[in-house]
$ cat model22.cif   # mmCIF, C-alpha atoms
data_run
loop_
_atom_site.label_atom_id
_atom_site.label_comp_id
_atom_site.auth_asym_id
_atom_site.auth_seq_id
_atom_site.Cartn_x
_atom_site.Cartn_y
_atom_site.Cartn_z
CA ALA A 230 0.00 0.00 0.00
CA TRP A 231 2.87 2.37 0.84
CA TRP A 232 4.57 1.79 -2.51
CA LEU A 233 1.28 2.20 -4.37
CA VAL A 234 0.48 5.55 -2.74
CA VAL A 235 3.97 7.03 -2.86
CA GLY A 236 4.67 5.68 -6.35
CA SER A 237 1.38 7.01 -7.71
CA VAL A 238 1.95 10.46 -6.21
CA ALA A 239 5.51 10.63 -7.55
CA ALA A 240 4.42 9.45 -11.01
CA LEU A 241 1.62 12.03 -11.16
CA ALA A 242 4.07 14.76 -10.14
CA ALA A 243 6.57 13.62 -12.78
CA LEU A 244 3.91 13.78 -15.50
CA LEU A 245 2.80 17.22 -14.37
CA GLN A 246 6.36 18.52 -14.20
CA ALA A 247 7.16 17.17 -17.66
CA ALA A 248 4.07 18.89 -19.08
CA LEU A 249 4.89 22.20 -17.38
CA LEU A 250 8.48 22.17 -18.60
CA GLN A 251 7.21 22.04 -22.17
CA LEU A 252 5.82 25.55 -21.68
CA PRO A 253 7.81 28.78 -22.07
CA ALA A 254 9.82 29.64 -18.97
CA TRP A 255 7.61 32.63 -18.11
CA ALA A 256 4.65 30.27 -17.75
CA ALA A 257 6.42 27.12 -16.54
CA LEU A 258 8.10 28.65 -13.48
CA PRO A 259 5.03 30.16 -11.79
CA LEU A 260 2.94 27.08 -12.56
CA LEU A 261 5.65 24.82 -11.17
CA ALA A 262 5.79 26.97 -8.03
CA LEU A 263 2.01 26.69 -7.75
CA ALA A 264 2.22 22.91 -8.07
CA LEU A 265 4.93 22.82 -5.40
CA LYS A 266 2.88 24.82 -2.89
CA PRO A 267 0.74 21.87 -1.63
CA ALA A 268 3.90 20.11 -0.44
CA PHE A 269 4.35 22.83 2.20
CA ALA A 270 2.39 23.40 5.42
CA TRP A 271 4.60 25.91 7.24
CA ARG A 272 2.08 28.75 7.34
CA MET A 273 -0.62 26.51 8.79
CA LEU A 274 1.83 25.13 11.36
CA ARG A 275 2.97 28.60 12.40
CA ASP A 276 -0.59 29.89 12.69
CA GLU A 277 -1.76 26.89 14.71
CA VAL A 278 1.14 27.17 17.16
CA ALA A 279 0.54 30.92 17.53
CA ALA A 280 -3.13 30.15 18.19
CA VAL A 281 -2.16 28.11 21.26
CA GLU A 282 -0.76 31.22 22.93
CA ARG A 283 -3.77 33.30 21.89
CA ALA A 284 -6.00 30.67 23.45
CA PHE A 285 -4.35 31.28 26.82
CA ALA A 286 -5.46 34.90 26.65
CA ASP A 287 -8.94 34.12 25.36
CA GLY A 288 -9.93 31.14 27.50
CA GLY A 289 -7.10 30.16 29.81
CA LEU A 290 -5.43 26.77 30.17
CA ALA A 291 -8.47 24.73 29.10
CA ALA A 292 -8.73 26.63 25.82
CA ALA A 293 -4.99 26.28 25.17
CA ARG A 294 -5.16 22.54 25.79
CA GLN A 295 -8.04 22.24 23.34
CA ARG A 296 -6.15 24.20 20.69
CA LEU A 297 -3.04 22.06 21.20
CA ARG A 298 -5.00 18.85 20.69
CA SER A 299 -4.86 19.15 16.90
CA LEU A 300 -1.08 19.57 16.92
CA CYS A 301 0.00 16.46 18.84
CA SER A 302 -1.03 12.97 19.89
CA ARG A 303 -0.37 13.52 23.61
CA ASP A 304 -2.99 13.47 26.35
CA VAL A 305 -3.28 17.24 26.61
CA GLU A 306 -5.56 17.06 29.67
CA GLN A 307 -2.50 16.07 31.72
CA LEU A 308 -0.49 19.13 30.65
CA ASP A 309 -0.11 22.33 32.67
CA ALA A 310 0.62 25.77 31.20
CA ARG A 311 4.36 25.12 31.04
CA THR A 312 4.08 21.75 29.31
CA VAL A 313 1.43 23.04 26.91
CA ARG A 314 3.91 25.66 25.72
CA GLU A 315 6.75 23.10 25.68
CA THR A 316 4.68 20.84 23.44
CA ALA A 317 3.76 23.70 21.12
CA ILE A 318 7.43 24.70 20.74
CA GLU A 319 8.49 21.08 20.14
CA THR A 320 5.79 20.68 17.50
CA LEU A 321 6.91 23.87 15.77
CA ALA A 322 10.58 22.79 15.71
CA GLU A 323 10.03 19.20 14.61
CA ASN A 324 7.45 20.05 11.97
CA LEU A 325 9.49 22.90 10.55
CA ASN A 326 11.40 20.03 9.00
CA ASP A 327 8.41 17.93 7.98
CA SER A 328 6.32 20.79 6.62
CA PHE A 329 8.94 22.98 4.93
CA VAL A 330 12.63 22.04 4.99
CA ALA A 331 12.21 18.40 3.92
CA PRO A 332 9.87 19.04 0.95
CA LEU A 333 12.12 21.89 -0.15
CA PHE A 334 15.16 19.63 0.15
CA TRP A 335 13.56 16.86 -1.89
CA PHE A 336 12.44 19.37 -4.51
CA CYS A 337 16.07 20.43 -4.90
CA VAL A 338 17.11 16.77 -5.20
CA ALA A 339 14.35 15.35 -7.40
CA GLY A 340 12.08 18.18 -8.52
CA LEU A 341 8.32 18.12 -8.07
CA PRO A 342 8.21 14.29 -7.78
CA GLY A 343 10.62 14.49 -4.85
CA ALA A 344 8.57 17.11 -3.00
CA TRP A 345 5.23 15.39 -3.57
CA ALA A 346 6.67 11.99 -2.67
CA TRP A 347 7.98 13.39 0.62
CA ARG A 348 4.55 14.80 1.42
CA ALA A 349 3.04 11.36 0.79
CA VAL A 350 5.72 9.64 2.89
CA ASN A 351 5.27 12.04 5.79
CA THR A 352 1.48 11.82 5.62
CA LEU A 353 1.53 8.01 5.64
CA ASP A 354 3.83 8.05 8.66
CA ALA A 355 1.36 10.35 10.46
CA MET A 356 -1.52 8.03 9.53
CA TRP A 357 0.06 4.60 10.01
CA GLY A 358 3.30 4.95 11.97
CA TYR A 359 1.97 4.34 15.48
CA ARG A 360 2.70 1.77 18.15
CA GLY A 361 0.02 -0.63 19.31
CA ARG A 362 -1.95 -3.47 17.77
CA TRP A 363 -1.30 -2.36 14.19
CA GLU A 364 2.34 -1.39 14.70
CA TRP A 365 3.53 -4.05 12.26
CA ALA A 366 1.43 -2.45 9.50
CA GLY A 367 2.85 1.02 10.10
CA LYS A 368 6.46 0.01 10.62
CA TRP A 369 7.49 0.49 7.00
CA ALA A 370 5.83 3.92 6.81
CA ALA A 371 7.62 5.02 10.00
CA ARG A 372 11.03 3.75 8.90
CA ALA A 373 10.70 5.27 5.43
CA ASP A 374 9.90 8.63 6.99
CA ASP A 375 12.95 8.29 9.27
CA ALA A 376 15.23 7.45 6.33
CA LEU A 377 14.03 10.17 3.95
CA GLY A 378 13.89 12.77 6.73
CA TRP A 379 17.34 11.96 8.15
CA LEU A 380 19.35 14.62 6.32
CA PRO A 381 16.64 17.32 6.19
CA ALA A 382 16.18 17.04 9.98
CA ARG A 383 19.86 17.80 10.50
CA LEU A 384 19.71 20.66 8.02
CA THR A 385 16.76 22.04 9.99
CA ALA A 386 18.83 21.85 13.18
CA ALA A 387 21.63 23.70 11.40
CA LEU A 388 19.19 26.47 10.44
CA LEU A 389 18.11 26.80 14.08
CA TRP A 390 21.62 26.45 15.50
CA ARG A 391 24.01 29.28 16.34
CA PRO A 392 27.79 29.02 17.03
CA ALA A 393 27.25 30.13 20.65
CA ILE A 394 25.30 26.91 21.23
CA GLY A 395 28.20 24.67 20.28
CA LEU A 396 28.05 21.37 18.41
CA ALA A 397 28.62 19.03 21.37
CA PRO A 398 25.52 20.20 23.31
CA LEU A 399 23.34 19.86 20.21
CA TRP A 400 24.66 16.36 19.52
CA HIS A 401 24.01 15.41 23.14
CA GLU A 402 20.45 16.74 23.24
CA ALA A 403 19.52 15.28 19.84
CA GLY A 404 20.34 11.78 21.10
CA ARG A 405 17.92 11.97 24.01
CA THR A 406 14.73 11.39 22.02
CA PRO A 407 13.49 8.00 20.74
CA SER A 408 13.19 9.49 17.24
CA PRO A 409 16.40 9.46 15.17
CA ASN A 410 15.39 12.79 13.61
CA GLY A 411 13.04 14.74 15.87
CA GLY A 412 15.64 15.41 18.53
CA TRP A 413 17.78 17.48 16.18
CA PRO A 414 15.44 20.41 15.48
CA MET A 415 13.85 20.16 18.93
CA GLY A 416 17.22 20.08 20.67
CA ALA A 417 18.46 23.01 18.60
CA MET A 418 15.34 25.03 19.46
CA ALA A 419 15.61 24.21 23.18
CA LEU A 420 19.24 25.33 23.28
CA ARG A 421 18.57 28.43 21.16
CA LEU A 422 15.75 29.54 23.47
CA GLY A 423 17.49 28.45 26.66
CA VAL A 424 14.36 26.59 27.78
CA ARG A 425 13.59 23.07 28.88
CA LEU A 426 11.49 20.97 26.51
CA GLY A 427 10.30 17.42 26.85
CA LYS A 428 7.67 14.72 26.72
CA PRO A 429 6.60 13.69 30.22
CA GLY A 430 8.01 10.30 31.13
CA VAL A 431 9.90 9.93 27.86
CA TYR A 432 12.67 12.55 27.50
CA THR A 433 13.82 15.99 28.57
CA LEU A 434 15.85 18.38 26.41
CA ASN A 435 18.11 21.08 27.85
CA ASP A 436 17.30 19.94 31.37
CA GLY A 437 18.99 22.98 32.93
CA GLY A 438 16.95 25.46 30.90
CA ARG A 439 14.25 27.72 32.25
CA ASP A 440 10.52 27.05 31.98
CA ALA A 441 8.85 27.71 28.64
CA ASP A 442 6.64 30.79 28.91
CA ALA A 443 4.70 33.05 26.55
CA ALA A 444 7.83 34.99 25.59
CA ALA A 445 9.64 31.74 24.71
CA LEU A 446 6.78 30.63 22.46
CA GLU A 447 6.70 33.98 20.68
CA ARG A 448 10.46 33.87 20.19
CA ALA A 449 10.25 30.30 18.89
CA LEU A 450 7.80 31.48 16.23
CA ALA A 451 10.20 34.25 15.18
CA ILE A 452 13.15 31.85 15.07
CA GLY A 453 11.09 29.43 12.99
CA GLU A 454 10.30 32.18 10.50
CA GLN A 455 13.99 33.05 10.22
CA ALA A 456 14.92 29.40 9.69
CA ALA A 457 12.23 28.95 7.02
CA LEU A 458 13.49 32.04 5.20
CA GLY A 459 17.06 30.75 5.44
CA ALA A 460 16.00 27.41 3.95
CA LEU A 461 14.23 29.17 1.08
CA VAL A 462 17.24 31.38 0.29
CA ALA A 463 19.58 28.36 0.39
CA ALA A 464 17.28 26.40 -1.92
CA LEU A 465 17.08 29.28 -4.41
CA ILE A 466 20.86 29.60 -4.45
CA TRP A 467 21.18 25.84 -4.99
CA LEU A 468 18.62 25.79 -7.79
CA MET A 469 20.16 28.80 -9.56
CA GLY A 470 23.59 27.20 -9.29
CA SER A 471 22.24 23.92 -10.68
CA ALA A 472 20.55 25.74 -13.57
CA THR A 473 23.75 27.60 -14.38
CA TRP A 474 25.77 24.41 -14.28
CA THR A 475 23.38 22.42 -16.47
CA GLY A 476 22.91 25.39 -18.78
#
$ encode --input "model22.cif" --output "structure tokens"
Amino acid sequence: AWWLVVGSVAALAALLQAALLQLPAWAALPLLALALKPAFAWRMLRDEVAAVERAFADGGLAAARQRLRSLCSRDVEQLDARTVRETAIETLAENLNDSFVAPLFWFCVAGLPGAWAWRAVNTLDAMWGYRGRWEWAGKWAARADDALGWLPARLTAALLWRPAIGLAPLWHEAGRTPSPNGGWPMGAMALRLGVRLGKPGVYTLNDGGRDADAAALERALAIGEQAALGALVAALIWLMGSATWTG
């Protein structure tokens, strides 16, 4: 089923890209950009995370928990104000990769088929890659997502990282999570903000950091925007360089 879905999506994207590239450049480029847009979900992610903090102001902790519910699979009723904000920041950092950096990376590598295939891979992991009775059925989807997201996750961490953080602390924090990829952007964000992040009973990142508060969440959103812009600029430079080389 995984191969059928991902293969079909990639094949459809390849046919669409081939048709668009037959057009004059002035028409092909904007249409290709339009076709690429569905592979991204950064704006929605940013807006949903920002809405968690607005919910605190509008309806308090209960409203913030309710708003967070759509962003994670955790039992939000067990979270207090600090851990609600921690979870929102973690979701922002981890999904900066899934929703923007990774599809952009795979577009640079394999064009529209690469970006659309990544979106299918990541979606199937979100739908099937869970533990429990049907874990065996979702194992392939989860491992494929890990493999194809391995390098983009580390590139995302690099976009969030600053020299003052150091490489050794980032390496250390990234290894604390069960996920081979999620710890990299989340660890980088925790160190960049100087806050403690974690999943209760599973892991803690930057254990010596301060509690996540409203200011930390707002700053995380700003840092995410900067990282997304950096990824876009890097991709444009790469694509222009590739076009020059092939031309």
$ atom_distance --input "model22.cif" --atom1 "atom CA of Met415 of chain A" --atom2 "atom CA of Pro342 of chain A"
27.9 Å
$ closest_residue --input "model22.cif" --among "A:Ala247, A:Ala371, A:Leu399, A:Ala293" --to "Leu308 of chain A" --atoms "all atoms listed in the file"
A:Ala293
$ closest_residue --input "model22.cif" --among "A:Leu388, A:Leu297, A:Val235, A:Ala257" --to "Trp347 of chain A" --atoms "all atoms listed in the file"
A:Val235
$ closest_residue --input "model22.cif" --among "A:Gly470, A:Pro259, A:Gly423, A:Gly289" --to "Arg448 of chain A" --atoms "only C-alpha atoms"
A:Gly423
$ resolve_selection --input "model22.cif" --expression "the PyMOL selection byres ((chain A and resi 401) around 10)" --output "list in words"
Leu396, Ala397, Pro398, Leu399, Trp400, Glu402, Ala403, Gly404, Arg405, Gly412, Trp413, Gly416, Leu434 and Asn435 of chain A
$ residues_near_point --input "model22.cif" --point "(-4.5, 31.1, 21.1)" --cutoff "12 Å" --atoms "only C-alpha atoms" --output "ChimeraX atom specification"
/A:275-297,313-314,317,443,446-447
$ resolve_selection --input "model22.cif" --expression "the PyMOL selection byres ((chain A and resi 234) around 12)" --output "ChimeraX atom specification"
/A:230-233,235-241,345-353,370
$ closest_residue --input "model22.cif" --among "A:Ala248, A:Leu274, A:Met469, A:Ile318" --to "Ala457 of chain A" --atoms "only C-alpha atoms"
A:Leu274
$ atom_distance --input "model22.cif" --atom1 "atom CA of Thr316 of chain A" --atom2 "atom CA of Asp354 of chain A"
19.6 Å
$ axis_aligned_box --input "model22.cif" --around "segment 268-281 of chain A" --padding-each-side "4 Å" --output "AutoDock Vina command-line options"
--center_x 0.7 --center_y 25.5 --center_z 10.4 --size_x 15.7 --size_y 18.8 --size_z 29.7
$ closest_residue --input "model22.cif" --among "A:Ala444, A:Glu323, A:Leu468, A:Ala463" --to "Ser408 of chain A" --atoms "only C-alpha atoms"
A:Glu323
$ resolve_selection --input "model22.cif" --expression "the PyMOL selection byres ((chain A and resi 441) around 8)" --output "VMD selection string"
chain A and resid 311 to 312 314 to 315 424 to 426 439 to 440 442 to 446
$ residues_around --input "model22.cif" --residues "Cys337 of chain A" --least-positions-apart "3" --cutoff "8 Å" --atoms "all atoms listed in the file" --output "PyMOL selection string"
chain A and resi 333-334+340+464+467-468
$ atom_distance --input "model22.cif" --atom1 "atom CA of Tyr432 of chain A" --atom2 "atom CA of Thr406 of chain A"
6.0 Å
$ closest_residue --input "model22.cif" --among "A:Gly361, A:Ala417, A:Lys368, A:Trp271" --to "Ala382 of chain A" --atoms "only C-alpha atoms"
A:Ala417
$ residues_around --input "model22.cif" --residues "Ala331 of chain A" --least-positions-apart "5" --cutoff "7 Å" --atoms "only C-alpha atoms" --output "VMD selection string"
chain A and resid 326 378 381
$ write_last_selection --input "model22.cif" --atoms "C-alpha atoms" --output "mmCIF file, in the frame of the given file"
data_model
loop_
_atom_site.group_PDB
_atom_site.id
_atom_site.type_symbol
_atom_site.label_atom_id
_atom_site.label_comp_id
_atom_site.auth_asym_id
_atom_site.auth_seq_id
_atom_site.Cartn_x
_atom_site.Cartn_y
_atom_site.Cartn_z
ATOM 1 C CA ASN A 326 11.400 20.030 9.000
ATOM 2 C CA GLY A 378 13.890 12.770 6.730
ATOM 3 C CA PRO A 381 16.640 17.320 6.190
#
$ decode --input "model22.cif" --residues "segment 254-265 of chain A" --atoms "N, CA, C and O atoms" --output "JSON list (two decimals), in the first residue's frame"
[["chain", "number", "residue", "atom", "x", "y", "z"],
["A", 254, "ALA", "N", 9.35, 29.46, -20.35],
["A", 254, "ALA", "CA", 9.82, 29.64, -18.97],
["A", 254, "ALA", "C", 8.94, 30.59, -18.18],
["A", 254, "ALA", "O", 8.69, 30.37, -16.99],
["A", 255, "TRP", "N", 8.43, 31.64, -18.82],
["A", 255, "TRP", "CA", 7.61, 32.63, -18.11],
["A", 255, "TRP", "C", 6.32, 32.02, -17.58],
["A", 255, "TRP", "O", 5.75, 32.50, -16.59],
["A", 256, "ALA", "N", 5.85, 30.96, -18.21],
["A", 256, "ALA", "CA", 4.65, 30.27, -17.75],
["A", 256, "ALA", "C", 4.99, 29.07, -16.89],
["A", 256, "ALA", "O", 4.31, 28.78, -15.89],
["A", 257, "ALA", "N", 6.06, 28.36, -17.25],
["A", 257, "ALA", "CA", 6.42, 27.12, -16.54],
["A", 257, "ALA", "C", 6.81, 27.37, -15.09],
["A", 257, "ALA", "O", 6.39, 26.64, -14.19],
["A", 258, "LEU", "N", 7.60, 28.42, -14.85],
["A", 258, "LEU", "CA", 8.10, 28.65, -13.48],
["A", 258, "LEU", "C", 6.99, 28.97, -12.48],
["A", 258, "LEU", "O", 6.93, 28.34, -11.42],
["A", 259, "PRO", "N", 6.10, 29.91, -12.77],
["A", 259, "PRO", "CA", 5.03, 30.16, -11.79],
["A", 259, "PRO", "C", 4.09, 28.98, -11.62],
["A", 259, "PRO", "O", 3.61, 28.72, -10.51],
["A", 260, "LEU", "N", 3.82, 28.25, -12.68],
["A", 260, "LEU", "CA", 2.94, 27.08, -12.56],
["A", 260, "LEU", "C", 3.61, 25.96, -11.77],
["A", 260, "LEU", "O", 2.94, 25.26, -11.00],
["A", 261, "LEU", "N", 4.92, 25.81, -11.95],
["A", 261, "LEU", "CA", 5.65, 24.82, -11.17],
["A", 261, "LEU", "C", 5.66, 25.20, -9.69],
["A", 261, "LEU", "O", 5.50, 24.34, -8.81],
["A", 262, "ALA", "N", 5.83, 26.49, -9.42],
["A", 262, "ALA", "CA", 5.79, 26.97, -8.03],
["A", 262, "ALA", "C", 4.41, 26.72, -7.43],
["A", 262, "ALA", "O", 4.29, 26.32, -6.26],
["A", 263, "LEU", "N", 3.37, 26.93, -8.22],
["A", 263, "LEU", "CA", 2.01, 26.69, -7.75],
["A", 263, "LEU", "C", 1.78, 25.21, -7.45],
["A", 263, "LEU", "O", 1.13, 24.85, -6.47],
["A", 264, "ALA", "N", 2.35, 24.34, -8.29],
["A", 264, "ALA", "CA", 2.22, 22.91, -8.07],
["A", 264, "ALA", "C", 3.03, 22.44, -6.85],
["A", 264, "ALA", "O", 2.67, 21.46, -6.20],
["A", 265, "LEU", "N", 4.09, 23.16, -6.55],
["A", 265, "LEU", "CA", 4.93, 22.82, -5.40],
["A", 265, "LEU", "C", 4.27, 23.21, -4.09],
["A", 265, "LEU", "O", 4.50, 22.57, -3.06]]
